[in-house]
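Read the structure below first, then the notes.
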Amino acid sequence: MSQSHDAAYRLLFRHRRMVHDLLRGFVPGRWVRRFHPDSLRRVGERRLSGTLVRREQDLVWKLEWGRLRLPVYLLLEIQSKVEGGMAVRLLSYIGLLYEELLHHRKGSGHRRLPTVLPIVFYNGRKRWRAPLQLRALIPGAIDGLEEFQPHLEYLLIDGQRTNVDQRATEGNLVALLLRIEQSRTVSEVAGHIDRLIRRLRAEPDEGLRRAFTAWLQQSLIPGRFPGARIPALDNLEEATPMLRETVKEWTRQWWTDGHQVGLQKGRQEGRQEGRQEGRQEGEVTLLLRLLHRKFGPTAAQYHERLATASTDQLLRWGERVLAAQSIEDVFATP
């Protein structure tokens, strides 16, 4: 799942419009007002080290800034899992990028290196706790040697937790992408997808529309409905009805399976009370399976709440699993 998730995001950020909206909407500093959007271009994704070991970073973009059109490189790393040594990885990538630039400038007499902005675009469920600064990974530097240690800090954009200012990011496709990912109900997801479809109708880049279609089919919907049967999407317009149908099928299957498990247990006990108790026990068992499949091992406190819940409560919680980003969202009141 994480591989297809990352691949879907990489496909999106191979498009100039997405990188432009990322810069203008989510990169801090006044400097972003002075870059030339027409200069944005992707410059390659593979570097070869001096030891002939191939290293790959997700995306490298180049832009020009200011009156002198100075070059700036964006190193964009897509992550769905927390990587504790991310600062080390980015230092390696930047070193390889600089090596390549110096190699191409041999004999030119010009050896000044451009500015590089490393960005980690993270959209995992767990909170990102990896250090943003390389020096945080070298806490025990010997007194007198601190100044000789490498320094690097990367910009983290946490897709689940980054605040999206609706007014400041109006018309921004990255902002809309984050709103969809941060939605807590199926109706919110569907509403934002409808807005995305309307905005992309005026987008001249057909490839970007296809990239969003792939993201919906390969990342968003499988992440919300693990195990669901997802039909192929030919275009974005099919996304909203497909989402609603998936919700209905998921809920129907959960309810039916729970009743079947319960009826079987009730028949084994051979009495009406046993059938009703068994049916509810089956619903609890199935809901626990869904929670475990989507969020991992379930804490004991949630087992207790499920064991004492009514049928209506179980149904409400089962429906919430569809759009929830965390197990806390499922059991939140009301």
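Convention: chains lettered A, B, ... in structure tokens order; per-chain residue numbering from 1; ligands numbered from 1 as shown.
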Picked from stretch 9-199 of chain A by DSSP as strand (DSSP E or B), as a PyMOL selection string: chain A and resi 35-42+46-48+54-56+59-65+70-79+115-122+133+153+155-158
Per residue of stretch 158-204 of chain A within 12 Å of stretch 72-84 of chain A, record the nearest atom pair and its distance in Å to one decimal, counting only C-alpha atoms, with rows in chain order and ascending residue number, as a Markdown table.
```
| residue | atom | partner | partner_atom | distance |
| --- | --- | --- | --- | --- |
| A:Asp158 | CA | A:Gln79 | CA | 9.6 |
| A:Gly159 | CA | A:Ser80 | CA | 9.7 |
| A:Gln160 | CA | A:Ser80 | CA | 10.7 |
```
Counting only C-alpha atoms, what is within 9 Å of A:Arg34, bar same-chain residues fewer than 4 positions away, as a PDB file with C-alpha atoms, in the first residue's frame?
```pdb
ATOM      1  CA  ARG A  30       8.989  36.308   1.177  1.00  0.00           C
ATOM      2  CA  GLU A  64      15.071  30.912 -11.167  1.00  0.00           C
ATOM      3  CA  TRP A  65      14.751  33.608  -8.547  1.00  0.00           C
ATOM      4  CA  GLY A  66      14.892  37.400  -8.489  1.00  0.00           C
ATOM      5  CA  ARG A  67      16.110  39.996 -10.943  1.00  0.00           C
TER       6      ARG A  67
END
```
Go through A:Arg105, A:Arg224, A:His192, A:Lys62 one by one, measure the shortest atom-to-atom distance of each to A:Pro37 using only C-alpha atoms, and give the residue with the smallest value.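 When distances to A:Pro37 are compared using only C-alpha atoms, the smallest one comes from A:Lys62.
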Leaving out A:Arg199 and any residue of its chain fewer than 5 positions from it, which residues lie within 9 Å of it when counting only C-alpha atoms, given as a ChimeraX atom specification? /A:171,173,194
